[in-house]
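Dropping entry_27.cif in here (mmCIF, C-alpha atoms and all ligand atoms):
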data_protein
loop_
_atom_site.label_atom_id
_atom_site.label_comp_id
_atom_site.auth_asym_id
_atom_site.auth_seq_id
_atom_site.Cartn_x
_atom_site.Cartn_y
_atom_site.Cartn_z
CA MET G 96 76.65 109.75 -46.24
CA PRO G 97 77.16 106.09 -45.28
CA ARG G 98 79.41 104.32 -47.74
CA THR G 99 77.93 101.30 -49.41
CA ILE G 100 79.79 98.04 -48.78
CA PRO G 101 81.25 96.64 -51.99
CA HIS G 102 79.35 93.56 -52.99
CA SER G 103 82.47 91.39 -52.95
CA ALA G 104 82.94 92.05 -49.20
CA LEU G 105 79.55 90.59 -48.28
CA ARG G 106 79.65 87.03 -47.01
CA THR G 107 76.91 84.62 -47.89
CA PRO G 108 74.74 83.68 -44.88
CA ARG G 109 75.92 80.09 -45.31
CA SER G 110 79.56 81.12 -44.93
CA LEU G 111 78.71 82.73 -41.57
CA VAL G 112 77.93 79.32 -40.10
CA ARG G 113 80.81 77.25 -38.68
CA PRO G 114 81.82 74.50 -41.15
CA LEU G 115 81.15 71.88 -38.47
CA VAL G 116 77.57 73.10 -38.01
CA ARG G 117 77.01 73.51 -41.75
CA ASP G 118 77.73 69.82 -42.28
CA LEU G 119 75.90 68.59 -39.18
CA HIS G 120 73.37 65.74 -39.33
CA ALA G 121 70.72 66.96 -36.92
CA TYR G 122 68.82 64.54 -34.67
CA VAL G 123 65.54 63.43 -36.25
CA PRO G 124 62.74 63.26 -33.67
CA GLY G 125 59.69 61.05 -34.20
CA GLU G 126 56.82 62.70 -36.05
CA GLN G 127 54.10 64.58 -34.17
CA PRO G 128 51.48 64.79 -36.94
CA LYS G 129 48.10 66.41 -36.45
CA ILE G 130 46.01 63.78 -38.24
CA LYS G 131 42.56 63.22 -36.79
CA GLY G 132 42.00 59.75 -35.40
CA LEU G 133 45.67 58.81 -35.74
CA ILE G 134 46.93 56.14 -33.35
CA LYS G 135 50.39 57.29 -32.28
CA LEU G 136 52.75 54.42 -31.48
CA ASN G 137 55.95 56.14 -32.59
CA THR G 138 57.52 58.23 -29.80
CA ASN G 139 57.16 56.15 -26.63
CA GLU G 140 54.88 58.63 -24.90
CA ASN G 141 52.87 57.26 -21.98
CA PRO G 142 49.22 56.67 -22.95
CA TYR G 143 48.01 57.52 -19.46
CA PRO G 144 47.76 61.16 -18.36
CA PRO G 145 49.69 62.58 -15.40
CA SER G 146 48.09 62.06 -12.00
CA PRO G 147 45.15 64.41 -11.25
CA LYS G 148 47.26 65.77 -8.36
CA VAL G 149 49.98 66.78 -10.84
CA LEU G 150 47.49 68.54 -13.12
CA GLN G 151 46.03 70.31 -10.09
CA ALA G 152 49.48 71.41 -8.86
CA VAL G 153 50.35 72.88 -12.27
CA LYS G 154 47.00 74.70 -12.55
CA MET G 155 47.48 76.16 -9.09
CA VAL G 156 50.61 78.04 -10.13
CA VAL G 157 49.37 79.35 -13.48
CA ASP G 158 48.75 82.96 -12.47
CA GLY G 159 50.63 86.27 -12.20
CA ARG G 160 53.67 84.43 -10.82
CA LEU G 161 54.56 83.31 -14.33
CA ARG G 162 56.46 86.64 -14.53
CA LEU G 163 59.00 85.40 -11.96
CA TYR G 164 62.11 83.33 -12.63
CA PRO G 165 61.89 79.78 -11.32
CA ASN G 166 64.27 78.34 -8.71
CA PRO G 167 67.61 78.42 -10.56
CA THR G 168 68.91 75.10 -9.20
CA ALA G 169 65.51 73.37 -8.96
CA GLN G 170 66.54 72.97 -5.32
CA PRO G 171 63.27 71.62 -3.87
CA LEU G 172 63.15 69.04 -6.65
CA ARG G 173 66.80 68.06 -6.10
CA GLU G 174 66.09 67.56 -2.42
CA LYS G 175 63.00 65.49 -3.06
CA LEU G 176 64.79 63.36 -5.66
CA ALA G 177 67.68 62.85 -3.23
CA LYS G 178 65.26 61.58 -0.60
CA PHE G 179 63.51 59.39 -3.21
CA HIS G 180 66.81 57.74 -4.18
CA GLY G 181 68.48 57.70 -0.76
CA CYS G 182 71.30 60.10 -1.66
CA LYS G 183 72.29 63.76 -1.12
CA PRO G 184 71.01 66.77 -3.10
CA GLY G 185 74.64 67.20 -4.22
CA ASN G 186 74.29 63.89 -6.10
CA VAL G 187 71.47 65.28 -8.27
CA VAL G 188 71.26 67.76 -11.16
CA VAL G 189 67.99 68.50 -12.97
CA GLY G 190 67.74 69.34 -16.67
CA ASN G 191 65.34 70.54 -19.34
CA GLY G 192 64.64 66.91 -20.16
CA SER G 193 67.42 64.38 -19.85
CA ASP G 194 68.43 65.26 -23.43
CA GLU G 195 69.77 68.58 -22.14
CA LEU G 196 71.87 66.82 -19.51
CA LEU G 197 73.28 64.36 -22.06
CA ALA G 198 74.42 67.37 -24.11
CA LEU G 199 75.87 69.09 -21.03
CA ALA G 200 77.80 65.93 -20.15
CA THR G 201 79.38 65.96 -23.60
CA ARG G 202 80.42 69.58 -23.04
CA ALA G 203 81.71 68.99 -19.51
CA PHE G 204 83.61 65.70 -19.94
CA VAL G 205 84.82 65.55 -23.57
CA GLU G 206 87.50 67.60 -25.34
CA PRO G 207 86.44 68.89 -28.74
CA SER G 208 88.66 67.90 -31.65
CA VAL G 209 90.97 70.56 -32.99
CA ALA G 210 91.68 70.08 -36.67
CA ALA G 211 95.29 71.28 -36.31
CA ASP G 212 95.86 68.90 -33.42
CA VAL G 213 94.59 66.00 -35.49
CA ARG G 214 97.12 66.87 -38.18
CA ARG G 215 99.96 67.09 -35.67
CA ARG G 216 99.01 63.70 -34.30
CA THR G 217 99.81 62.01 -37.59
CA SER G 218 103.24 63.64 -37.88
CA LYS G 219 105.29 64.33 -34.73
CA ALA G 220 103.46 62.92 -31.74
CA THR G 221 104.30 59.54 -30.30
CA HIS G 222 101.77 56.79 -30.71
CA GLU G 223 100.94 56.76 -27.00
CA SER G 224 100.20 60.46 -26.54
CA ALA G 225 98.19 60.44 -29.77
CA SER G 226 95.97 57.65 -28.51
CA SER G 227 95.53 59.25 -25.10
CA ARG G 228 94.56 62.57 -26.73
CA ARG G 229 92.13 60.68 -28.91
CA ARG G 230 90.54 59.11 -25.83
CA LEU G 231 89.90 62.50 -24.24
CA ARG G 232 87.85 63.40 -27.31
CA THR G 233 85.89 60.17 -27.58
CA VAL G 234 82.15 59.74 -27.05
CA GLN G 235 81.41 56.02 -27.06
CA TYR G 236 78.14 54.12 -27.40
CA PHE G 237 76.75 50.81 -28.59
CA THR G 238 74.83 50.53 -31.85
CA PRO G 239 71.98 50.47 -32.14
CA SER G 240 71.12 52.67 -29.16
CA TYR G 241 69.71 56.17 -28.68
CA SER G 242 70.39 57.99 -31.96
CA LEU G 243 71.02 61.29 -30.15
CA TYR G 244 74.49 60.23 -28.91
CA PRO G 245 76.33 60.46 -32.28
CA VAL G 246 74.64 63.82 -32.89
CA LEU G 247 75.92 65.14 -29.54
CA ALA G 248 79.45 63.98 -30.39
CA GLU G 249 79.27 65.64 -33.80
CA ILE G 250 77.91 68.95 -32.47
CA HIS G 251 80.77 69.08 -29.98
CA GLY G 252 83.39 68.21 -32.58
CA ALA G 253 84.22 65.08 -30.61
CA LEU G 254 84.99 61.64 -32.01
CA GLY G 255 82.16 59.11 -31.92
CA ASN G 256 83.08 55.49 -31.20
CA PRO G 257 80.09 53.33 -32.16
CA VAL G 258 80.56 49.68 -31.17
CA PRO G 259 78.01 47.07 -32.28
CA LEU G 260 75.86 45.16 -29.81
CA LYS G 261 75.55 41.43 -30.50
CA PRO G 262 73.10 40.44 -33.28
CA ASP G 263 70.35 39.81 -30.69
CA PHE G 264 71.09 43.29 -29.19
CA SER G 265 72.56 41.85 -26.02
CA MET G 266 75.67 43.51 -24.62
CA PRO G 267 79.10 41.95 -25.27
CA THR G 268 80.97 40.98 -22.11
CA VAL G 269 84.12 42.86 -21.06
CA LYS G 270 86.15 39.88 -22.25
CA GLU G 271 84.46 39.96 -25.65
CA LEU G 272 84.97 43.72 -25.92
CA ARG G 273 88.68 43.32 -25.12
CA ARG G 274 89.07 40.54 -27.67
CA ASP G 275 87.23 42.53 -30.37
CA GLY G 276 89.42 45.59 -29.76
CA ARG G 277 87.05 48.33 -30.96
CA TRP G 278 85.81 49.31 -27.49
CA ASP G 279 87.86 52.06 -25.81
CA PHE G 280 88.09 51.44 -22.05
CA GLY G 281 89.57 54.91 -21.60
CA ALA G 282 86.98 56.87 -23.64
CA ALA G 283 86.18 60.24 -22.03
CA LEU G 284 82.44 59.52 -22.11
CA THR G 285 80.42 56.35 -22.69
CA PHE G 286 76.63 56.26 -23.08
CA ILE G 287 74.75 53.02 -22.36
CA THR G 288 70.99 52.96 -22.99
CA SER G 289 69.67 50.58 -20.35
CA PRO G 290 67.16 49.11 -21.04
CA ASN G 291 68.24 49.51 -24.64
CA ALA G 292 66.35 51.59 -27.18
CA PRO G 293 65.30 50.81 -29.85
CA SER G 294 65.59 47.07 -29.13
CA GLY G 295 63.87 47.13 -25.73
CA ARG G 296 66.36 44.64 -24.32
CA GLY G 297 67.22 44.92 -20.63
CA TYR G 298 70.72 44.60 -19.19
CA SER G 299 71.38 43.18 -15.74
CA THR G 300 72.97 45.37 -13.08
CA ALA G 301 75.70 42.73 -12.77
CA GLU G 302 76.77 43.01 -16.42
CA LEU G 303 76.57 46.82 -16.28
CA GLU G 304 78.69 46.81 -13.14
CA ALA G 305 81.32 44.59 -14.79
CA LEU G 306 81.61 47.10 -17.63
CA CYS G 307 81.70 50.07 -15.22
CA ARG G 308 84.56 48.46 -13.31
CA ALA G 309 86.57 48.02 -16.49
CA GLN G 310 85.88 51.53 -17.76
CA ARG G 311 88.04 54.51 -16.77
CA GLY G 312 86.15 57.45 -18.37
CA VAL G 313 82.69 58.74 -17.42
CA MET G 314 79.86 56.20 -17.89
CA ILE G 315 76.30 57.41 -18.31
CA LEU G 316 73.64 54.76 -17.85
CA ASP G 317 70.63 56.24 -19.65
CA GLU G 318 67.68 54.71 -17.80
CA ALA G 319 64.89 56.54 -19.65
CA TYR G 320 62.76 53.35 -19.67
CA VAL G 321 63.89 51.69 -16.46
CA ASP G 322 60.50 51.90 -14.71
CA PHE G 323 59.22 49.27 -17.14
CA ALA G 324 62.12 46.94 -16.33
CA GLU G 325 62.81 44.51 -13.50
CA GLU G 326 66.08 46.01 -12.31
CA ASN G 327 67.72 49.40 -12.22
CA ALA G 328 71.36 50.33 -11.77
CA LEU G 329 70.99 53.44 -9.64
CA LYS G 330 73.22 52.02 -6.92
CA LEU G 331 76.15 52.03 -9.37
CA ALA G 332 75.96 55.84 -9.59
CA LEU G 333 76.37 56.04 -5.82
CA LYS G 334 79.10 53.39 -5.68
CA TYR G 335 81.45 54.43 -8.52
CA PRO G 336 82.61 58.06 -8.90
CA HIS G 337 82.72 57.84 -12.71
CA VAL G 338 79.18 56.45 -13.15
CA ILE G 339 76.10 58.61 -13.71
CA VAL G 340 72.51 57.37 -13.97
CA SER G 341 70.19 59.40 -16.21
CA ARG G 342 66.45 59.44 -15.59
CA THR G 343 63.52 61.33 -17.09
CA PHE G 344 59.96 62.25 -16.12
CA SER G 345 58.99 62.03 -19.80
CA LYS G 346 58.23 58.41 -20.54
CA ALA G 347 57.19 56.65 -17.33
CA TYR G 348 55.78 59.77 -15.62
CA SER G 349 53.76 61.14 -18.55
CA LEU G 350 55.52 64.52 -18.61
CA CYS G 351 57.15 64.74 -22.06
CA PHE G 352 55.53 68.14 -22.55
CA GLN G 353 57.15 69.58 -19.42
CA ARG G 354 60.78 68.59 -20.15
CA VAL G 355 62.24 67.38 -16.86
CA GLY G 356 65.07 64.89 -16.50
CA TYR G 357 67.89 64.40 -14.00
CA PHE G 358 71.25 62.78 -13.34
CA VAL G 359 72.40 61.02 -10.19
CA GLY G 360 76.16 60.79 -9.69
CA HIS G 361 79.26 61.85 -7.79
CA PRO G 362 79.07 65.47 -6.48
CA GLU G 363 82.25 66.40 -8.43
CA LEU G 364 80.68 65.41 -11.74
CA ILE G 365 77.33 66.93 -10.75
CA SER G 366 78.92 70.29 -9.91
CA ALA G 367 80.81 70.27 -13.21
CA LEU G 368 77.45 69.96 -14.98
CA ASP G 369 76.03 72.72 -12.80
CA LYS G 370 78.78 75.04 -14.02
CA VAL G 371 77.97 74.60 -17.70
CA ARG G 372 74.16 74.63 -17.60
CA ASP G 373 71.97 77.72 -18.12
CA SER G 374 71.06 79.49 -14.87
CA TYR G 375 67.34 78.74 -15.25
CA ASN G 376 67.48 75.56 -17.27
CA VAL G 377 64.40 73.93 -15.73
CA ASN G 378 61.13 75.78 -16.26
CA GLY G 379 58.97 76.49 -13.23
CA LEU G 380 55.89 74.54 -14.30
CA GLY G 381 58.11 71.53 -14.94
CA GLN G 382 59.58 71.76 -11.43
CA VAL G 383 56.09 71.94 -9.93
CA ALA G 384 54.86 69.01 -12.01
CA ALA G 385 57.86 66.84 -11.14
CA LEU G 386 57.54 67.61 -7.41
CA ALA G 387 53.87 66.66 -7.45
CA THR G 388 54.69 63.49 -9.40
CA LEU G 389 56.99 62.32 -6.61
CA ASP G 390 54.07 62.78 -4.17
CA ASP G 391 51.89 60.34 -6.11
CA ILE G 392 54.22 57.52 -7.15
CA ALA G 393 51.57 54.86 -6.43
CA TYR G 394 49.42 56.25 -9.28
CA TYR G 395 52.31 55.76 -11.72
CA ARG G 396 53.26 52.30 -10.48
CA LYS G 397 49.74 51.15 -11.34
CA ASN G 398 50.21 52.49 -14.88
CA PHE G 399 53.58 50.72 -15.24
CA GLN G 400 51.81 47.46 -14.42
CA ARG G 401 49.05 48.16 -16.97
CA ILE G 402 51.57 49.02 -19.70
CA ILE G 403 53.65 45.92 -18.95
CA ALA G 404 50.51 43.73 -19.06
CA THR G 405 49.48 45.25 -22.42
CA ARG G 406 53.02 44.83 -23.72
CA GLU G 407 53.08 41.11 -22.91
CA GLN G 408 49.61 40.62 -24.42
CA VAL G 409 50.43 42.32 -27.74
CA ALA G 410 53.80 40.52 -27.84
CA ARG G 411 51.92 37.20 -27.72
CA GLU G 412 49.42 38.28 -30.40
CA LEU G 413 52.07 39.55 -32.80
CA THR G 414 54.11 36.38 -32.29
CA VAL G 415 51.09 34.31 -33.30
CA LEU G 416 50.80 36.46 -36.45
CA GLY G 417 54.36 35.59 -37.46
CA PHE G 418 56.26 38.56 -36.04
CA ARG G 419 59.60 38.04 -34.35
CA VAL G 420 59.12 39.93 -31.09
CA LEU G 421 62.23 40.75 -29.06
CA PRO G 422 61.92 40.54 -25.28
CA SER G 423 61.14 44.04 -23.99
CA ARG G 424 61.86 45.72 -20.65
CA THR G 425 60.43 49.05 -21.88
CA ASN G 426 57.13 50.63 -22.97
CA PHE G 427 57.68 49.60 -26.58
CA LEU G 428 58.24 46.46 -28.64
CA PHE G 429 60.89 45.93 -31.30
CA VAL G 430 59.52 43.50 -33.85
CA ARG G 431 60.54 41.97 -37.15
CA PRO G 432 57.41 41.75 -39.29
CA PRO G 433 56.67 38.91 -41.73
CA ALA G 434 55.67 39.01 -45.42
CA PHE G 435 56.84 42.55 -46.38
CA PRO G 436 59.89 44.68 -45.58
CA ALA G 437 59.54 46.70 -42.37
CA ASN G 438 59.30 50.07 -44.14
CA GLY G 439 56.49 48.63 -46.26
CA TRP G 440 54.66 47.84 -43.02
CA LEU G 441 55.31 51.40 -41.86
CA GLN G 442 53.45 52.69 -44.95
CA LYS G 443 50.65 50.13 -44.82
CA LEU G 444 49.97 50.87 -41.15
CA ARG G 445 50.11 54.59 -41.82
CA GLU G 446 47.41 54.18 -44.48
CA ARG G 447 45.32 52.73 -41.67
CA LYS G 448 46.13 55.71 -39.46
CA ILE G 449 48.56 53.86 -37.22
CA LEU G 450 51.97 55.44 -36.80
CA VAL G 451 54.94 53.31 -35.68
CA ARG G 452 58.68 54.03 -35.92
CA TRP G 453 61.19 52.63 -38.38
CA PHE G 454 64.93 53.35 -38.20
CA ASN G 455 66.77 53.27 -41.49
CA CYS G 456 70.08 51.77 -40.28
CA PRO G 457 71.58 48.42 -41.34
CA GLU G 458 71.02 46.82 -37.89
CA THR G 459 67.46 48.11 -37.46
CA LYS G 460 65.91 48.38 -40.94
CA ASP G 461 64.16 44.98 -40.69
CA PHE G 462 62.36 46.00 -37.49
CA LEU G 463 59.55 48.27 -36.35
CA ARG G 464 59.42 49.95 -32.97
CA ILE G 465 55.92 50.01 -31.55
CA THR G 466 55.03 52.08 -28.49
CA ILE G 467 52.67 50.38 -26.03
CA ASN G 468 49.47 52.36 -25.83
CA LYS G 469 46.17 51.55 -24.09
CA ASP G 470 44.53 48.17 -24.79
CA ALA G 471 42.09 49.63 -27.36
CA GLU G 472 44.86 51.25 -29.42
CA VAL G 473 47.10 48.20 -29.51
CA GLU G 474 44.07 46.03 -30.35
CA ALA G 475 43.47 48.34 -33.32
CA LEU G 476 47.07 47.70 -34.32
CA VAL G 477 46.64 43.92 -34.12
CA LYS G 478 43.43 44.18 -36.17
CA ALA G 479 45.19 46.27 -38.81
CA VAL G 480 48.05 43.76 -38.94
CA ARG G 481 45.58 40.92 -39.51
CA ALA G 482 43.89 42.87 -42.32
CA ILE G 483 47.23 43.66 -43.98
CA LEU G 484 48.28 40.00 -43.82
CA ARG G 485 45.00 38.90 -45.45
C1 LIG R 1 63.27 59.72 -24.59
C2 LIG R 1 64.68 59.42 -24.27
C3 LIG R 1 65.50 60.36 -23.64
C4 LIG R 1 65.11 61.80 -23.48
O1 LIG R 1 64.20 62.09 -22.58
P1 LIG R 1 63.81 63.58 -22.21
O2 LIG R 1 63.95 63.59 -20.75
O3 LIG R 1 62.42 63.74 -22.71
O4 LIG R 1 64.78 64.53 -22.89
C5 LIG R 1 66.77 59.99 -23.29
N1 LIG R 1 67.26 58.78 -23.56
C6 LIG R 1 66.52 57.85 -24.18
C7 LIG R 1 67.10 56.53 -24.47
C8 LIG R 1 65.21 58.15 -24.56
O5 LIG R 1 64.50 57.25 -25.23
#
Please express what this file holds, its structure, as structure tokens.
Ligand SMILES: *Cc1c(COP(=O)(O)O)cnc(C)c1O
Amino acid sequence: MPRTIPHSALRTPRSLVRPLVRDLHAYVPGEQPKIKGLIKLNTNENPYPPSPKVLQAVKMVVDGRLRLYPNPTAQPLREKLAKFHGCKPGNVVVGNGSDELLALATRAFVEPSVAADVRRRTSKATHESASSRRRLRTVQYFTPSYSLYPVLAEIHGALGNPVPLKPDFSMPTVKELRRDGRWDFGAALTFITSPNAPSGRGYSTAELEALCRAQRGVMILDEAYVDFAEENALKLALKYPHVIVSRTFSKAYSLCFQRVGYFVGHPELISALDKVRDSYNVNGLGQVAALATLDDIAYYRKNFQRIIATREQVARELTVLGFRVLPSRTNFLFVRPPAFPANGWLQKLRERKILVRWFNCPETKDFLRITINKDAEVEALVKAVRAILR
């Protein structure tokens, strides 16, 4: 007869979860509601579909072969990306979206905090070794920027070091960062969203390079939106061994659904990431879609131009209506609306079946982030804004 376990020995399901995970603030993705006729301007998806050649390539492989594992290193895609960027396949690692790679970088380059170690630091250790141990555990980023970074630090048990951008969301210079004192030039890992999200502001390669030169830990330049900008900083990833450029097929290449992103960087850092990723981290249909995308870049460049033209048009119209529109180098606009608080606008637009994004943080709460859609959709937005203002 099996003995029954005394009730007192049973642990509550909650107590089975690590304290760190129990108290975690999970990342909040933009809504994907299923409301008929809704105009979605909230998650920076591309309004234009993938190239017909990409759709064809994916359809061609949807058959009995779905039972097979995909290429474990996404080798053909690595090789094609290497050719595309003028580097070696050893400079490239592909991920299940760039989000996966950002998480892997945290795991590969940052020491998790150990509670006991933190305690020891305050008692015996010398000031210098305490600060150098702290650096090894630090994930650093500007605020506001991509709200996933603090979540990645927290999941890993690392220390986040958020440092504010200037009030107009431009990047402080190295000199200003040194004077201010909050920036850690030895942080194990620094994330820079360039162009910035959610502000849309672009940073020049020269200012990024100046920061890279001053920084000793790993620097990840997250270029998720760079195809809508005038400059990119890819050359820095091939020039400096501690700099990685992160790219994604999601936003500019209309493949959010497929989850493909990649890093370009020094082979030592790339092979470290290769060690900690899942063996088959990139799904086969995603690899096929990304390969076909690289064969039809001209199709996408045309769409970048259309999105940029729409962006500049709606920026002018909203400015006329009294919005403060920040200069954008992305496929979205960051705007400060007139007359009502920004979250009031969020509600009023929602009532008119238009969904935009609002971030409830001190630096961003007066703004709305509006994804650039096709002309008809953004015209509907401008019409709704006029009606609300009336
Ligand atoms: C959308 C986004 C990503 C993630 O892209 P995926 O490749 O879809 O995971 C990364 N960084 C920033 C700043 C983004 O906006």
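Closest approach to ligand LIG 1 (chain R) among G:Pro207, G:Pro124, G:Gly181, G:Pro147 is made by G:Pro124 (distances from only C-alpha atoms and all ligand atoms).
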**OP:** Record the distance separating atom CA of G:Val313 and atom CA of G:Asn291, expressed in Å with one decimal.
**Re:** 18.6 Å
Quick one: axis-aligned box around all listed atoms of ligand LIG 1 (chain R), 8 Å on every side, centre and edge lengths in Å to one decimal, written as JSON.
{"center_x": 64.8, "center_y": 60.5, "center_z": -23.0, "size_x": 20.8, "size_y": 24.0, "size_z": 20.5}
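The space between atom CA of G:Phe344 and atom CA of G:Val377 spans 12.5 Å.
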Skip stretch 245-254 of chain G itself and residues of its chain fewer than 4 positions away, then list as a compact mmCIF listing (two decimals) with C-alpha atoms, in the coordinates of the input all residues within 6 Å of it, counting all atoms listed in the file.
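Resulting contents of result00.txt:
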# COMPACT_ATOMS: atom_id res chain seq x y z
CA PRO G 207 86.44 68.89 -28.74
CA SER G 208 88.66 67.90 -31.65
CA ARG G 232 87.85 63.40 -27.31
CA THR G 233 85.89 60.17 -27.58
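Separating atom CA of G:Leu444 from atom CA of G:Leu421 is a distance of 20.0 Å.
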Subject >> Polymer residues at most 12 Å from (57.2, 38.7, -45.0) by all atoms listed in the file, as number ranges by chain >> reply: G: 416-419, 431-440, 461-462, 483-484
Using only C-alpha atoms and all ligand atoms, I'd like a table of the residues in chain G that come within 9 Å of ligand LIG 1 (chain R); for each, show the closest atom pair and its distance in Å rounded to one decimal, ordered by chain and ascending number, as CSV.
residue,atom,partner,partner_atom,distance
G:Thr138,CA,R:LIG1,C1,7.9
G:Asn139,CA,R:LIG1,C1,7.4
G:Glu140,CA,R:LIG1,C1,8.5
G:Gly190,CA,R:LIG1,O2,8.0
G:Asn191,CA,R:LIG1,O4,7.0
G:Gly192,CA,R:LIG1,O2,3.4
G:Ser193,CA,R:LIG1,O2,3.7
G:Asp194,CA,R:LIG1,O4,3.8
G:Glu195,CA,R:LIG1,O4,6.5
G:Leu196,CA,R:LIG1,O4,8.2
G:Leu197,CA,R:LIG1,C5,7.9
G:Ser240,CA,R:LIG1,C7,7.3
G:Tyr241,CA,R:LIG1,C7,5.0
G:Ser242,CA,R:LIG1,C7,8.3
G:Leu243,CA,R:LIG1,N1,8.0
G:Ile287,CA,R:LIG1,C7,8.7
G:Thr288,CA,R:LIG1,C7,5.5
G:Ser289,CA,R:LIG1,C7,7.7
G:Pro290,CA,R:LIG1,C7,8.2
G:Asn291,CA,R:LIG1,C7,7.1
G:Ala292,CA,R:LIG1,C7,5.7
G:Pro293,CA,R:LIG1,O5,8.0
G:Asp317,CA,R:LIG1,N1,5.8
G:Glu318,CA,R:LIG1,C7,6.9
G:Ala319,CA,R:LIG1,C6,5.0
G:Tyr320,CA,R:LIG1,O5,7.0
G:Ser341,CA,R:LIG1,C5,7.9
G:Arg342,CA,R:LIG1,O2,7.1
G:Thr343,CA,R:LIG1,O2,4.3
G:Phe344,CA,R:LIG1,O2,6.3
G:Ser345,CA,R:LIG1,O3,4.8
G:Lys346,CA,R:LIG1,C1,6.6
G:Leu350,CA,R:LIG1,O3,8.1
G:Cys351,CA,R:LIG1,O3,5.4
G:Phe352,CA,R:LIG1,O3,8.2
G:Gln353,CA,R:LIG1,O3,8.5
G:Arg354,CA,R:LIG1,O3,5.7
G:Val355,CA,R:LIG1,O2,5.7
G:Gly356,CA,R:LIG1,O2,4.6
G:Tyr357,CA,R:LIG1,O2,7.9
Can you list every residue of stretch 359-402 of chain G that has an atom at most 8 Å from stretch 151-161 of chain G, with its nearest atom pair and the distance in Å to one decimal, using all atoms listed in the file, ordered by chain then number, as a tab-separated table?
residue	atom	partner	partner_atom	distance
G:Leu380	CA	G:Val153	CA	6.1
G:Val383	CA	G:Val153	CA	6.3
G:Ala384	CA	G:Val153	CA	5.9
G:Ala387	CA	G:Ala152	CA	6.6
Exercise: G:Tyr164 partners within 9 Å, all atoms listed in the file, chain neighbours under 4 positions left out, as a PDB file with C-alpha atoms, in the coordinates of the input:
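Full text of out-v4.pdb as output:
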ATOM      1  CA  ARG G 160      53.670  84.430 -10.820  1.00  0.00           C
ATOM      2  CA  TYR G 375      67.340  78.740 -15.250  1.00  0.00           C
ATOM      3  CA  ASN G 378      61.130  75.780 -16.260  1.00  0.00           C
ATOM      4  CA  GLY G 379      58.970  76.490 -13.230  1.00  0.00           C
TER       5      GLY G 379
END
Who sits within 10 Å of G:Ala301, all atoms listed in the file, same chain under 6 positions skipped, as an mmCIF file with C-alpha atoms, keeping the file's coordinate frame:
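Final file, out.cif:
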data_model
loop_
_atom_site.group_PDB
_atom_site.id
_atom_site.type_symbol
_atom_site.label_atom_id
_atom_site.label_comp_id
_atom_site.auth_asym_id
_atom_site.auth_seq_id
_atom_site.Cartn_x
_atom_site.Cartn_y
_atom_site.Cartn_z
ATOM 1 C CA CYS G 307 81.700 50.070 -15.220
ATOM 2 C CA ALA G 328 71.360 50.330 -11.770
ATOM 3 C CA LEU G 331 76.150 52.030 -9.370
#
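Of the listed residues (G:Ala410, G:Leu333, G:Ala367, G:Ala385), G:Ala410 comes nearest to G:Pro422; the distances count all atoms listed in the file.
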**OP:** Just the residues within 12 Å of G:Pro336, please, counting only C-alpha atoms, with nothing from its chain fewer than 3 positions along; format it as a list in words.
**Re:** Asn186, Cys307, Arg308, Gln310, Arg311, Gly312, Val313, Met314, Ile315, Lys330, Leu331, Ala332, Leu333, Ile339, Val340, Val359, Gly360, His361, Pro362, Glu363, Leu364 and Ile365 of chain G
**OP:** Can you work out which one of G:Gly295, G:Pro114, G:Pro144, G:Pro167 has the shortest atom-to-atom distance to G:Tyr348, counting all atoms listed in the file?
**Re:** G:Pro144
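With all atoms listed in the file taken into account, every residue lying no more than 10 Å from the file point (51.5, 49.4, -17.6) is included here: Asn141, Pro142, Tyr143, Asp322, Phe323, Ala347, Tyr395, Arg396, Lys397, Asn398, Phe399, Gln400, Arg401, Ile402, Ile403, Ala404, Thr405, Arg406, Glu407, Thr425, Asn426, Ile467, Asn468 and Lys469 of chain G.
If you measure from each of G:Ser374, G:Thr414, G:Gln442, G:Gln382 to G:Leu176 using all atoms listed in the file, the closest one turns out to be G:Gln382.
Closest to G:Val430 among G:Val187, G:Leu413, G:Ala482, G:Leu463 is G:Leu463, based on all atoms listed in the file.
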Original post:
For G:Ser294, which residue out of G:Tyr244, G:Phe237, G:Phe280, G:Phe204 is the nearest one, using only C-alpha atoms?
Top reply: G:Phe237
